[in-house]
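Reviewing the structure listed below.
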Amino acid sequence: AIALAQEGGIGFIHKNMSIEQQAAEVRKVKKFEAGMVTDAVTVNPDATIADVVALTEKHGFAGFPVVTESNELVGIITGRDVRFVTDLSKKVSSVMTPKEKLAAVKEGATREEVQEKMHEARVEKVLVVNDEFQLTGMITAKDFHKAERKPNACKDERGRLRVGAAVGAGAGNE
């Protein structure tokens with residue numbers, strides 16, 4: 001489904017699996033090339049480095065925005081921040097890149113503004129915030145590179161690859 005959508009078509013997830021498995025496959029396609037990640041995996045400033053390591057192993061990436069309970073962005077923690085930390089009980093807040101040093105843009109920023117911010121800050125992730133500095137999304141350099149390599153990709157209005165899921169009618173399709 002990913003390969004088809006990247007070439008301009010639309011792939012369908014077959015129905016020979018549970019609804020939950022189908023939904024997971026659709027999510028995988030949607031997140032593969034997202035334009036802007038709107039449901040970023042985040043961590044709390046009071047989480048431990050062990051928590052971050054577990055999230056990295058679970059999700060396969062190492063950069064997580066750090067937000068408070070009210071979704072206020074207070075920092076970011078990346079693989080670079082934790083690479084040489086040996087005390088896994090340390091709090092995220094003690095090793096994260098703080099709010100003042102973040103590469104962030106306001107909602108509605110253009111592609112050029114985001115790329116300029118990435119270049120200027122020498123980072124691969126730019127955080128998107130609203131007027132209250134609450135996290136609304138994250139844009140990664142990988143998303144730009146994927147879009148440039150596959151300009152004919154079939155995408156929805158939010159920049160995600162399009163995908164369908166087969167359904168059946170009749171008995172056994174509850």
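Residue numbers start at 1 in each chain; chains themselves are named A, B, ... in the order of the structure tokens; ligands are numbered from 1 in the order shown.
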If you take only C-alpha atoms and a cut-off of 12 Å, which residues of region 8-71 of chain A touch region 139-147 of chain A, and what are their nearest atom pairs and distances in Å to one decimal, in chain and number order, as a tab-separated table?
```
residue	atom	partner	partner_atom	distance
A:Gly8	CA	A:Ala147	CA	11.9
A:Lys31	CA	A:Asp143	CA	10.0
A:Phe32	CA	A:Asp143	CA	8.5
A:Glu33	CA	A:Asp143	CA	5.9
A:Ala34	CA	A:Asp143	CA	6.7
A:Gly35	CA	A:Asp143	CA	5.7
A:Met36	CA	A:Ile139	CA	4.8
A:Val37	CA	A:Ile139	CA	6.2
A:Thr38	CA	A:Ile139	CA	8.9
A:Asp39	CA	A:Ile139	CA	11.3
A:Ala40	CA	A:Ile139	CA	9.8
A:Phe61	CA	A:Thr140	CA	11.6
A:Gly63	CA	A:Thr140	CA	10.0
A:Phe64	CA	A:Thr140	CA	11.7
A:Pro65	CA	A:Ile139	CA	11.5
```
Next, write the just-selected residues to a file, as an mmCIF file, in the first residue's frame, keeping C-alpha atoms as the atom set.
```
data_model
loop_
_atom_site.group_PDB
_atom_site.id
_atom_site.type_symbol
_atom_site.label_atom_id
_atom_site.label_comp_id
_atom_site.auth_asym_id
_atom_site.auth_seq_id
_atom_site.Cartn_x
_atom_site.Cartn_y
_atom_site.Cartn_z
ATOM 1 C CA GLY A 8 0.460 7.926 -7.318
ATOM 2 C CA LYS A 31 2.310 7.660 9.379
ATOM 3 C CA PHE A 32 4.917 6.586 6.809
ATOM 4 C CA GLU A 33 4.832 9.952 5.075
ATOM 5 C CA ALA A 34 2.844 12.335 7.172
ATOM 6 C CA GLY A 35 3.831 15.860 6.093
ATOM 7 C CA MET A 36 3.267 17.012 9.658
ATOM 8 C CA VAL A 37 2.944 14.569 12.526
ATOM 9 C CA THR A 38 -0.141 15.773 14.391
ATOM 10 C CA ASP A 39 -0.253 13.040 17.016
ATOM 11 C CA ALA A 40 3.396 13.018 18.038
ATOM 12 C CA PHE A 61 12.703 6.634 16.592
ATOM 13 C CA GLY A 63 13.056 12.231 19.225
ATOM 14 C CA PHE A 64 10.178 13.087 21.533
ATOM 15 C CA PRO A 65 8.650 16.483 22.331
#
```
Residues of region 45-147 of chain A in alpha helix (DSSP H), written as a count of residues only: 33
query: Which distance in Å separates CA of Asp156 (chain A) and CA of Leu73 (chain A), to one decimal?
result: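 Between CA of Asp156 (chain A) and CA of Leu73 (chain A) the gap is 27.3 Å.
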query: Skipping near chain neighbours, those fewer than 6 positions away, what residues fall within 6 Å of region 104-111 of chain A using only C-alpha atoms, listed as JSON, numbers by chain?
result: {"A": [126, 127, 128, 129, 130]}
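The gap separating CA of Ala103 (chain A) from CA of Glu132 (chain A) is 15.9 Å, in Å to one decimal.
Across the structure, CA of Leu4 (chain A) and CA of Met17 (chain A) are spaced 20.4 Å apart.
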message: Residues near region 12-14 of chain A, anyone? I mean within 6 Å using only C-alpha atoms, not counting same-chain ones fewer than 3 positions away, as an MDAnalysis selection string.
response: chainID A and resid 163:166
